[in-house]
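> My structure is in upload-v4.csv, and what it holds is CSV, N, CA and C atoms:
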```
chain,number,residue,atom,x,y,z
X,289,MET,N,-15.6,9.6,17.6
X,289,MET,CA,-16.6,8.7,18.1
X,289,MET,C,-17.8,8.8,17.3
X,290,THR,N,-18.5,7.7,17.0
X,290,THR,CA,-19.7,7.7,16.2
X,290,THR,C,-20.9,8.1,17.1
X,291,PHE,N,-22.0,8.4,16.5
X,291,PHE,CA,-23.2,8.7,17.3
X,291,PHE,C,-23.7,7.6,18.1
X,292,GLU,N,-23.6,6.3,17.6
X,292,GLU,CA,-24.0,5.2,18.4
X,292,GLU,C,-23.1,5.0,19.6
X,293,GLU,N,-21.8,5.2,19.4
X,293,GLU,CA,-20.8,5.0,20.5
X,293,GLU,C,-21.1,6.1,21.6
X,294,TYR,N,-21.4,7.3,21.1
X,294,TYR,CA,-21.7,8.4,22.1
X,294,TYR,C,-23.0,8.0,22.9
X,295,LEU,N,-24.0,7.6,22.1
X,295,LEU,CA,-25.3,7.3,22.8
X,295,LEU,C,-25.2,6.1,23.8
X,296,LEU,N,-24.4,5.1,23.4
X,296,LEU,CA,-24.2,3.9,24.3
X,296,LEU,C,-23.4,4.4,25.5
X,297,ALA,N,-22.4,5.2,25.3
X,297,ALA,CA,-21.6,5.7,26.4
X,297,ALA,C,-22.4,6.6,27.3
X,298,LEU,N,-23.3,7.4,26.8
X,298,LEU,CA,-24.2,8.2,27.6
X,298,LEU,C,-25.1,7.3,28.5
X,299,LEU,N,-25.6,6.2,27.9
X,299,LEU,CA,-26.5,5.3,28.6
X,299,LEU,C,-25.6,4.6,29.7
X,300,ILE,N,-24.4,4.2,29.4
X,300,ILE,CA,-23.6,3.6,30.4
X,300,ILE,C,-23.3,4.6,31.6
X,301,PHE,N,-23.0,5.8,31.2
X,301,PHE,CA,-22.7,6.8,32.2
X,301,PHE,C,-23.9,7.1,33.1
X,302,ARG,N,-25.1,7.2,32.5
X,302,ARG,CA,-26.3,7.5,33.3
X,302,ARG,C,-26.8,6.3,34.1
X,303,GLU,N,-26.7,5.1,33.5
X,303,GLU,CA,-27.3,4.0,34.2
X,303,GLU,C,-26.3,3.2,35.1
X,304,ALA,N,-25.0,3.4,34.9
X,304,ALA,CA,-24.0,2.6,35.6
X,304,ALA,C,-22.8,3.3,36.0
X,305,ALA,N,-22.8,4.6,36.1
X,305,ALA,CA,-21.6,5.4,36.5
X,305,ALA,C,-21.1,4.9,37.9
X,306,GLY,N,-21.9,4.5,38.8
X,306,GLY,CA,-21.5,4.1,40.1
X,306,GLY,C,-21.1,2.7,40.2
X,307,GLU,N,-21.1,2.0,39.1
X,307,GLU,CA,-20.8,0.5,39.1
X,307,GLU,C,-19.3,0.4,38.8
X,308,SER,N,-18.8,-0.9,39.0
X,308,SER,CA,-17.5,-1.2,38.6
X,308,SER,C,-17.3,-1.2,37.1
X,309,TYR,N,-16.1,-1.4,36.7
X,309,TYR,CA,-15.8,-1.5,35.2
X,309,TYR,C,-16.6,-2.6,34.6
X,310,LEU,N,-16.6,-3.8,35.3
X,310,LEU,CA,-17.4,-5.0,34.9
X,310,LEU,C,-18.9,-4.6,34.8
X,311,GLY,N,-19.4,-3.9,35.8
X,311,GLY,CA,-20.8,-3.6,35.8
X,311,GLY,C,-21.2,-2.7,34.7
X,312,ARG,N,-20.3,-1.7,34.3
X,312,ARG,CA,-20.6,-0.9,33.2
X,312,ARG,C,-20.6,-1.7,31.9
X,313,ILE,N,-19.7,-2.6,31.8
X,313,ILE,CA,-19.6,-3.5,30.6
X,313,ILE,C,-20.9,-4.3,30.5
X,314,ALA,N,-21.3,-4.8,31.6
X,314,ALA,CA,-22.5,-5.7,31.6
X,314,ALA,C,-23.7,-4.9,31.1
X,315,VAL,N,-23.9,-3.7,31.5
X,315,VAL,CA,-25.0,-2.8,31.1
X,315,VAL,C,-24.9,-2.6,29.6
X,316,ALA,N,-23.7,-2.3,29.1
X,316,ALA,CA,-23.5,-2.0,27.7
X,316,ALA,C,-23.9,-3.3,26.8
X,317,HIS,N,-23.5,-4.4,27.4
X,317,HIS,CA,-23.8,-5.7,26.6
X,317,HIS,C,-25.3,-6.0,26.5
X,318,VAL,N,-26.1,-5.6,27.5
X,318,VAL,CA,-27.5,-5.8,27.3
X,318,VAL,C,-28.0,-5.1,26.1
X,319,VAL,N,-27.6,-3.8,25.9
X,319,VAL,CA,-28.0,-3.1,24.7
X,319,VAL,C,-27.5,-3.8,23.4
X,320,ALA,N,-26.3,-4.2,23.4
X,320,ALA,CA,-25.7,-4.9,22.2
X,320,ALA,C,-26.4,-6.2,22.0
X,321,THR,N,-26.7,-7.0,23.0
X,321,THR,CA,-27.4,-8.2,22.9
X,321,THR,C,-28.8,-8.0,22.2
X,322,ARG,N,-29.5,-7.0,22.7
X,322,ARG,CA,-30.8,-6.6,22.1
X,322,ARG,C,-30.6,-6.3,20.6
X,323,ALA,N,-29.6,-5.5,20.3
X,323,ALA,CA,-29.5,-5.0,18.9
X,323,ALA,C,-29.1,-6.2,18.0
X,324,ARG,N,-28.4,-7.2,18.5
X,324,ARG,CA,-28.0,-8.4,17.7
X,324,ARG,C,-29.1,-9.4,17.6
X,325,ASN,N,-30.2,-9.3,18.4
X,325,ASN,CA,-31.3,-10.2,18.4
X,325,ASN,C,-32.6,-9.4,18.3
X,326,PRO,N,-32.8,-8.8,17.1
X,326,PRO,CA,-34.0,-7.9,17.0
X,326,PRO,C,-35.3,-8.5,17.4
X,327,ARG,N,-36.0,-7.8,18.2
X,327,ARG,CA,-37.3,-8.1,18.7
X,327,ARG,C,-38.1,-6.8,18.6
X,328,TRP,N,-39.1,-6.6,19.5
X,328,TRP,CA,-39.9,-5.4,19.5
X,328,TRP,C,-39.1,-4.2,19.9
X,329,TRP,N,-37.9,-4.4,20.5
X,329,TRP,CA,-37.1,-3.2,20.9
X,329,TRP,C,-36.2,-2.6,19.9
X,330,GLY,N,-36.1,-3.2,18.7
X,330,GLY,CA,-35.3,-2.6,17.6
X,330,GLY,C,-34.1,-3.5,17.2
X,331,SER,N,-33.4,-3.0,16.1
X,331,SER,CA,-32.4,-3.8,15.6
X,331,SER,C,-31.0,-3.1,15.5
X,332,SER,N,-30.9,-2.0,16.1
X,332,SER,CA,-29.7,-1.2,16.1
X,332,SER,C,-29.5,-0.6,17.6
X,333,ILE,N,-28.2,-0.2,17.8
X,333,ILE,CA,-28.0,0.4,19.1
X,333,ILE,C,-28.9,1.6,19.3
X,334,TYR,N,-29.0,2.4,18.3
X,334,TYR,CA,-29.9,3.6,18.4
X,334,TYR,C,-31.3,3.2,18.7
X,335,GLU,N,-31.9,2.3,17.9
X,335,GLU,CA,-33.3,1.9,18.1
X,335,GLU,C,-33.5,1.3,19.5
X,336,VAL,N,-32.6,0.5,20.0
X,336,VAL,CA,-32.7,-0.2,21.3
X,336,VAL,C,-32.7,0.9,22.4
X,337,ILE,N,-31.8,1.8,22.3
X,337,ILE,CA,-31.6,2.8,23.4
X,337,ILE,C,-32.8,3.8,23.4
X,338,THR,N,-33.3,4.1,22.3
X,338,THR,CA,-34.3,5.1,22.2
X,338,THR,C,-35.7,4.6,22.2
X,339,LYS,N,-35.9,3.3,22.4
X,339,LYS,CA,-37.2,2.7,22.5
X,339,LYS,C,-37.8,3.2,23.8
X,340,PRO,N,-39.0,3.8,23.7
X,340,PRO,CA,-39.6,4.4,24.9
X,340,PRO,C,-39.7,3.5,26.1
X,341,TYR,N,-39.2,4.1,27.2
X,341,TYR,CA,-39.3,3.4,28.6
X,341,TYR,C,-38.5,2.2,28.7
X,342,GLN,N,-37.5,1.9,27.8
X,342,GLN,CA,-36.7,0.8,28.0
X,342,GLN,C,-35.5,1.1,28.9
X,343,PHE,N,-34.9,2.2,28.7
X,343,PHE,CA,-33.8,2.7,29.4
X,343,PHE,C,-34.2,4.1,29.9
X,344,SER,N,-34.7,4.1,31.1
X,344,SER,CA,-35.3,5.4,31.6
X,344,SER,C,-34.4,6.6,31.6
X,345,SER,N,-33.1,6.4,31.8
X,345,SER,CA,-32.2,7.5,31.8
X,345,SER,C,-32.1,8.3,30.5
X,346,LEU,N,-32.6,7.6,29.5
X,346,LEU,CA,-32.6,8.3,28.1
X,346,LEU,C,-34.0,8.5,27.6
X,347,THR,N,-35.0,8.0,28.2
X,347,THR,CA,-36.3,8.2,27.5
X,347,THR,C,-37.5,8.5,28.5
X,348,ASP,N,-37.3,8.4,29.8
X,348,ASP,CA,-38.4,8.6,30.7
X,348,ASP,C,-38.3,10.0,31.2
X,349,PRO,N,-39.3,10.9,30.9
X,349,PRO,CA,-39.3,12.3,31.4
X,349,PRO,C,-39.3,12.4,32.9
X,350,ARG,N,-39.6,11.4,33.6
X,350,ARG,CA,-39.6,11.4,35.1
X,350,ARG,C,-38.2,11.1,35.7
X,351,ASP,N,-37.3,10.6,34.9
X,351,ASP,CA,-36.0,10.2,35.4
X,351,ASP,C,-35.1,11.4,35.4
X,352,ALA,N,-34.5,11.7,36.6
X,352,ALA,CA,-33.7,12.8,36.8
X,352,ALA,C,-32.4,12.7,36.0
X,353,GLN,N,-32.0,11.5,35.6
X,353,GLN,CA,-30.8,11.3,34.8
X,353,GLN,C,-30.9,11.9,33.4
X,354,LEU,N,-32.1,12.1,32.9
X,354,LEU,CA,-32.4,12.5,31.6
X,354,LEU,C,-31.7,13.8,31.2
X,355,ALA,N,-31.6,14.7,32.2
X,355,ALA,CA,-30.9,16.0,32.0
X,355,ALA,C,-29.4,16.0,32.3
X,356,LYS,N,-28.9,14.9,32.6
X,356,LYS,CA,-27.5,14.8,33.0
X,356,LYS,C,-26.6,14.5,31.8
X,357,PHE,N,-25.7,15.5,31.5
X,357,PHE,CA,-24.8,15.3,30.4
X,357,PHE,C,-23.3,15.5,30.9
X,358,PRO,N,-22.5,14.5,30.7
X,358,PRO,CA,-21.1,14.6,31.2
X,358,PRO,C,-20.3,15.5,30.3
X,359,LYS,N,-19.2,16.0,30.8
X,359,LYS,CA,-18.2,16.8,30.0
X,359,LYS,C,-17.4,15.7,29.3
X,360,LEU,N,-17.1,16.1,28.1
X,360,LEU,CA,-16.3,15.1,27.3
X,360,LEU,C,-14.9,14.9,27.9
X,361,SER,N,-14.5,15.8,28.8
X,361,SER,CA,-13.2,15.6,29.5
X,361,SER,C,-13.3,14.8,30.7
X,362,ASP,N,-14.5,14.4,31.1
X,362,ASP,CA,-14.7,13.6,32.3
X,362,ASP,C,-14.1,12.2,32.2
X,363,PRO,N,-13.1,11.8,33.0
X,363,PRO,CA,-12.5,10.5,32.9
X,363,PRO,C,-13.4,9.4,32.9
X,364,LEU,N,-14.4,9.5,33.8
X,364,LEU,CA,-15.5,8.4,33.9
X,364,LEU,C,-16.2,8.3,32.6
X,365,PHE,N,-16.6,9.4,32.0
X,365,PHE,CA,-17.3,9.4,30.7
X,365,PHE,C,-16.4,8.8,29.6
X,366,MET,N,-15.1,9.2,29.6
X,366,MET,CA,-14.2,8.6,28.6
X,366,MET,C,-14.1,7.1,28.8
X,367,ASN,N,-14.1,6.6,30.0
X,367,ASN,CA,-14.1,5.2,30.3
X,367,ASN,C,-15.4,4.6,29.6
X,368,CYS,N,-16.5,5.2,29.8
X,368,CYS,CA,-17.8,4.7,29.2
X,368,CYS,C,-17.7,4.7,27.7
X,369,VAL,N,-17.0,5.7,27.1
X,369,VAL,CA,-16.8,5.8,25.6
X,369,VAL,C,-16.0,4.6,25.2
X,370,ALA,N,-14.9,4.3,25.9
X,370,ALA,CA,-14.0,3.2,25.6
X,370,ALA,C,-14.8,1.9,25.7
X,371,ILE,N,-15.6,1.7,26.7
X,371,ILE,CA,-16.5,0.5,26.8
X,371,ILE,C,-17.4,0.4,25.7
X,372,ALA,N,-18.1,1.5,25.3
X,372,ALA,CA,-19.1,1.5,24.2
X,372,ALA,C,-18.4,1.1,22.9
X,373,LYS,N,-17.3,1.7,22.6
X,373,LYS,CA,-16.5,1.3,21.4
X,373,LYS,C,-16.2,-0.2,21.4
X,374,GLY,N,-15.6,-0.6,22.5
X,374,GLY,CA,-15.2,-2.0,22.6
X,374,GLY,C,-16.3,-3.0,22.5
X,375,VAL,N,-17.4,-2.7,23.1
X,375,VAL,CA,-18.6,-3.6,23.0
X,375,VAL,C,-19.2,-3.6,21.6
X,376,ILE,N,-19.3,-2.4,21.0
X,376,ILE,CA,-19.8,-2.3,19.6
X,376,ILE,C,-19.0,-3.1,18.6
X,377,ILE,N,-17.7,-3.0,18.7
X,377,ILE,CA,-16.8,-3.7,17.7
X,377,ILE,C,-16.5,-5.1,18.2
X,378,GLY,N,-17.0,-5.6,19.3
X,378,GLY,CA,-16.8,-6.9,19.8
X,378,GLY,C,-15.4,-7.2,20.4
X,379,GLN,N,-14.7,-6.2,20.9
X,379,GLN,CA,-13.4,-6.4,21.6
X,379,GLN,C,-13.6,-6.7,23.0
X,380,ILE,N,-14.7,-6.4,23.7
X,380,ILE,CA,-14.9,-6.6,25.1
X,380,ILE,C,-15.8,-7.7,25.3
X,381,PRO,N,-15.4,-8.8,25.9
X,381,PRO,CA,-16.3,-10.0,26.1
X,381,PRO,C,-17.5,-9.7,27.0
X,382,ASN,N,-18.6,-10.4,26.7
X,382,ASN,CA,-19.8,-10.2,27.4
X,382,ASN,C,-19.8,-11.0,28.8
X,383,PRO,N,-19.9,-10.3,29.9
X,383,PRO,CA,-19.9,-11.0,31.2
X,383,PRO,C,-21.3,-11.5,31.6
X,384,VAL,N,-22.3,-11.1,30.8
X,384,VAL,CA,-23.7,-11.5,31.1
X,384,VAL,C,-24.3,-12.1,29.8
X,385,PRO,N,-23.8,-13.2,29.3
X,385,PRO,CA,-24.3,-13.8,28.0
X,385,PRO,C,-25.8,-14.1,28.2
X,386,ARG,N,-26.6,-13.8,27.2
X,386,ARG,CA,-28.0,-13.9,27.0
X,386,ARG,C,-28.8,-12.9,27.8
X,387,ALA,N,-28.2,-12.1,28.6
X,387,ALA,CA,-29.0,-11.0,29.3
X,387,ALA,C,-29.5,-10.0,28.4
X,388,ASP,N,-30.8,-9.8,28.4
X,388,ASP,CA,-31.5,-8.8,27.6
X,388,ASP,C,-32.3,-7.8,28.4
X,389,HIS,N,-32.2,-7.9,29.7
X,389,HIS,CA,-32.9,-7.0,30.6
X,389,HIS,C,-32.0,-6.9,31.9
X,390,TYR,N,-32.2,-5.8,32.6
X,390,TYR,CA,-31.6,-5.6,33.9
X,390,TYR,C,-32.4,-4.6,34.7
X,391,TYR,N,-32.2,-4.6,36.0
X,391,TYR,CA,-32.7,-3.5,36.8
X,391,TYR,C,-31.8,-3.3,38.0
X,392,ALA,N,-31.8,-2.1,38.6
X,392,ALA,CA,-31.0,-1.9,39.7
X,392,ALA,C,-31.8,-2.4,41.0
X,393,ASP,N,-31.0,-3.0,41.9
X,393,ASP,CA,-31.6,-3.7,43.0
X,393,ASP,C,-32.2,-2.7,44.1
X,394,TYR,N,-32.0,-1.4,43.9
X,394,TYR,CA,-32.5,-0.5,44.8
X,394,TYR,C,-33.9,0.1,44.4
X,395,ILE,N,-34.4,-0.4,43.3
X,395,ILE,CA,-35.8,-0.1,42.9
X,395,ILE,C,-36.7,-1.3,43.1
X,396,ALA,N,-38.0,-1.0,43.1
X,396,ALA,CA,-39.0,-2.1,43.2
X,396,ALA,C,-38.8,-3.1,42.0
X,397,THR,N,-38.9,-4.4,42.3
X,397,THR,CA,-38.8,-5.4,41.3
X,397,THR,C,-39.8,-5.2,40.2
X,398,PRO,N,-39.4,-5.0,39.0
X,398,PRO,CA,-40.3,-4.9,37.8
X,398,PRO,C,-41.2,-6.1,37.6
X,399,SER,N,-42.3,-6.0,37.0
X,399,SER,CA,-43.2,-7.1,36.8
X,399,SER,C,-42.6,-8.1,35.8
X,400,TRP,N,-41.7,-7.7,34.9
X,400,TRP,CA,-41.1,-8.6,34.0
X,400,TRP,C,-40.0,-9.5,34.6
X,401,ALA,N,-39.5,-9.1,35.8
X,401,ALA,CA,-38.4,-9.8,36.4
X,401,ALA,C,-38.9,-11.1,37.1
X,402,VAL,N,-38.9,-12.2,36.3
X,402,VAL,CA,-39.3,-13.5,36.8
X,402,VAL,C,-38.1,-14.3,37.3
X,403,ALA,N,-38.2,-14.9,38.4
X,403,ALA,CA,-37.1,-15.6,39.1
X,403,ALA,C,-36.4,-16.6,38.2
X,404,SER,N,-37.2,-17.3,37.4
X,404,SER,CA,-36.6,-18.4,36.5
X,404,SER,C,-35.8,-17.8,35.4
X,405,GLU,N,-35.9,-16.5,35.1
X,405,GLU,CA,-35.1,-15.9,34.0
X,405,GLU,C,-33.9,-15.1,34.5
X,406,PHE,N,-33.7,-15.1,35.9
X,406,PHE,CA,-32.6,-14.4,36.5
X,406,PHE,C,-31.3,-15.1,36.1
X,407,LEU,N,-30.3,-14.4,35.7
X,407,LEU,CA,-29.0,-14.9,35.3
X,407,LEU,C,-27.9,-14.7,36.4
X,408,THR,N,-27.7,-13.4,36.7
X,408,THR,CA,-26.7,-13.1,37.7
X,408,THR,C,-26.9,-11.6,38.2
X,409,GLN,N,-26.1,-11.3,39.2
X,409,GLN,CA,-26.1,-9.9,39.6
X,409,GLN,C,-24.7,-9.4,39.5
X,410,VAL,N,-24.5,-8.2,39.0
X,410,VAL,CA,-23.2,-7.6,38.9
X,410,VAL,C,-23.3,-6.2,39.5
X,411,GLY,N,-22.7,-6.1,40.7
X,411,GLY,CA,-22.9,-4.8,41.4
X,411,GLY,C,-24.3,-4.7,41.9
X,412,ARG,N,-24.9,-3.5,41.6
X,412,ARG,CA,-26.3,-3.3,42.0
X,412,ARG,C,-27.3,-3.7,40.9
X,413,HIS,N,-26.9,-4.2,39.8
X,413,HIS,CA,-27.8,-4.6,38.7
X,413,HIS,C,-28.0,-6.1,38.6
X,414,ARG,N,-29.3,-6.4,38.5
X,414,ARG,CA,-29.7,-7.8,38.4
X,414,ARG,C,-30.0,-8.1,36.9
X,415,PHE,N,-29.4,-9.1,36.3
X,415,PHE,CA,-29.6,-9.4,34.9
X,415,PHE,C,-30.4,-10.6,34.6
X,416,PHE,N,-31.2,-10.5,33.5
X,416,PHE,CA,-32.2,-11.5,33.2
X,416,PHE,C,-32.2,-11.8,31.7
X,417,ALA,N,-32.6,-13.0,31.4
X,417,ALA,CA,-32.8,-13.4,30.0
X,417,ALA,C,-34.3,-13.6,29.8
X,418,VAL,N,-35.0,-12.5,29.5
X,418,VAL,CA,-36.5,-12.5,29.5
X,418,VAL,C,-37.0,-12.9,28.1
X,419,GLU,N,-36.3,-12.6,27.1
X,419,GLU,CA,-36.8,-12.8,25.7
X,419,GLU,C,-36.2,-14.1,25.1
X,420,GLY,N,-35.3,-14.8,25.9
X,420,GLY,CA,-34.7,-16.0,25.4
X,420,GLY,C,-33.8,-15.9,24.2
X,421,VAL,N,-33.1,-14.7,24.1
X,421,VAL,CA,-32.2,-14.5,23.0
X,421,VAL,C,-30.9,-15.4,23.2
X,422,LEU,N,-30.3,-15.6,22.1
X,422,LEU,CA,-29.0,-16.4,22.1
X,422,LEU,C,-27.9,-15.5,21.9
X,423,GLU,N,-26.8,-15.8,22.6
X,423,GLU,CA,-25.6,-14.9,22.5
X,423,GLU,C,-24.7,-15.4,21.4
```
Can you turn what I pasted into structure tokens?

Amino acid sequence: MTFEEYLLALLIFREAAGESYLGRIAVAHVVATRARNPRWWGSSIYEVITKPYQFSSLTDPRDAQLAKFPKLSDPLFMNCVAIAKGVIIGQIPNPVPRADHYYADYIATPSWAVASEFLTQVGRHRFFAVEGVLE
């Protein structure tokens, strides 16, 4: 597994472990969409994921998930690895085209979450096209 595959799998595991398979894919595709449409958040999987405060489970020191590391033998993590690989190489279709942001519905609605930019909800995550990227 490449470093970017591991990093994306870790993000999926931390941000969407409790979601369905489709929910985990949707979260992964937000990262991939951002990387394919460079803006202020970066132009690679690595840059997008490590941009401060974009994905709290990997960059926010207040997020309890920051210290959570799965065992490589964990079947759920291996599922996240398979999703990461499939999304990166384009084998897994995007269930949330144009989505470049999401948030979990159990937190307060972020200021950037404008109703007119809402696309869909998959599980507990609400997906938005904030930057107007094309898929």
> Would you mind reading off the distance between atom N of X:Phe365 and atom N of X:Thr290, one decimal, in Å?
15.2 Å
> Can you tell me, as a ChimeraX atom specification, what residues are no more than 12 Å from stretch 384-398 of chain X when counting only C-alpha atoms, ignoring any on the same chain fewer than 3 positions away?
/X:303-304,306-307,310-327,329,336,342-344,380-381,401-403,405-423
> Set the distance at 9 Å and use only C-alpha atoms: which residues neighbour X:Thr347 once local chain neighbours fewer than 6 positions away are removed? I'd like the list as an MDAnalysis selection string.
chainID X and resid 337:341 354
> Using DSSP assignments from the backbone, pull out every residue in chain X that falls under strand (DSSP E) and give it to me as a compact mmCIF listing (two decimals) with N, CA and C atoms, in the coordinates of the input.

```txt
# COMPACT_ATOMS: atom_id res chain seq x y z
N HIS X 389 -32.20 -7.90 29.70
CA HIS X 389 -32.90 -7.00 30.60
C HIS X 389 -32.00 -6.90 31.90
N TYR X 390 -32.20 -5.80 32.60
CA TYR X 390 -31.60 -5.60 33.90
C TYR X 390 -32.40 -4.60 34.70
N TYR X 391 -32.20 -4.60 36.00
CA TYR X 391 -32.70 -3.50 36.80
C TYR X 391 -31.80 -3.30 38.00
N ALA X 392 -31.80 -2.10 38.60
CA ALA X 392 -31.00 -1.90 39.70
C ALA X 392 -31.80 -2.40 41.00
N PHE X 406 -33.70 -15.10 35.90
CA PHE X 406 -32.60 -14.40 36.50
C PHE X 406 -31.30 -15.10 36.10
N LEU X 407 -30.30 -14.40 35.70
CA LEU X 407 -29.00 -14.90 35.30
C LEU X 407 -27.90 -14.70 36.40
N THR X 408 -27.70 -13.40 36.70
CA THR X 408 -26.70 -13.10 37.70
C THR X 408 -26.90 -11.60 38.20
N GLN X 409 -26.10 -11.30 39.20
CA GLN X 409 -26.10 -9.90 39.60
C GLN X 409 -24.70 -9.40 39.50
N VAL X 410 -24.50 -8.20 39.00
CA VAL X 410 -23.20 -7.60 38.90
C VAL X 410 -23.30 -6.20 39.50
N HIS X 413 -26.90 -4.20 39.80
CA HIS X 413 -27.80 -4.60 38.70
C HIS X 413 -28.00 -6.10 38.60
N ARG X 414 -29.30 -6.40 38.50
CA ARG X 414 -29.70 -7.80 38.40
C ARG X 414 -30.00 -8.10 36.90
N PHE X 415 -29.40 -9.10 36.30
CA PHE X 415 -29.60 -9.40 34.90
C PHE X 415 -30.40 -10.60 34.60
N PHE X 416 -31.20 -10.50 33.50
CA PHE X 416 -32.20 -11.50 33.20
C PHE X 416 -32.20 -11.80 31.70
```
> Find the distance between atom CA of X:Tyr334 and atom CA of X:Ala372 and write it in Å to one decimal.
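Result for atom CA of X:Tyr334 versus atom CA of X:Ala372: 12.4 Å, one decimal.
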> To one decimal in Å, tell me the separation between atom CA of X:Leu364 and atom CA of X:Ser331.
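Distance between the two atoms: 27.7 Å.
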> Just checking: using all atoms listed in the file, which residue out of X:Ser399, X:Lys356, X:Ser404, X:Glu293 ends up closest to X:Ala370?
X:Glu293
> Let me have the centre and edge lengths of the axis-aligned box enclosing all listed atoms of stretch 305-311 of chain X with 5 Å padding on every side, in Å to one decimal, as lines of an AutoDock Vina configuration file.

```
center_x = -19.3
center_y = 0.2
center_z = 37.4
size_x = 17.0
size_y = 20.4
size_z = 15.6
```
> Please report, as number ranges by chain, each residue of chain X to which DSSP assigns helix (DSSP H, G or I) when run on this structure's backbone.
X: 291-304, 309-324, 333-338, 344-347, 352-355, 363-376, 403-405
> Taking only C-alpha atoms into account, which of X:Leu346, X:Lys373, X:Asp362, X:Trp328 comes nearest X:Phe291?
X:Lys373
> Between X:Val369, X:Asn382, X:Trp400, X:Arg302, which has the minimum distance to X:Gln353 (counting all atoms listed in the file)?
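Closest candidate: X:Arg302.
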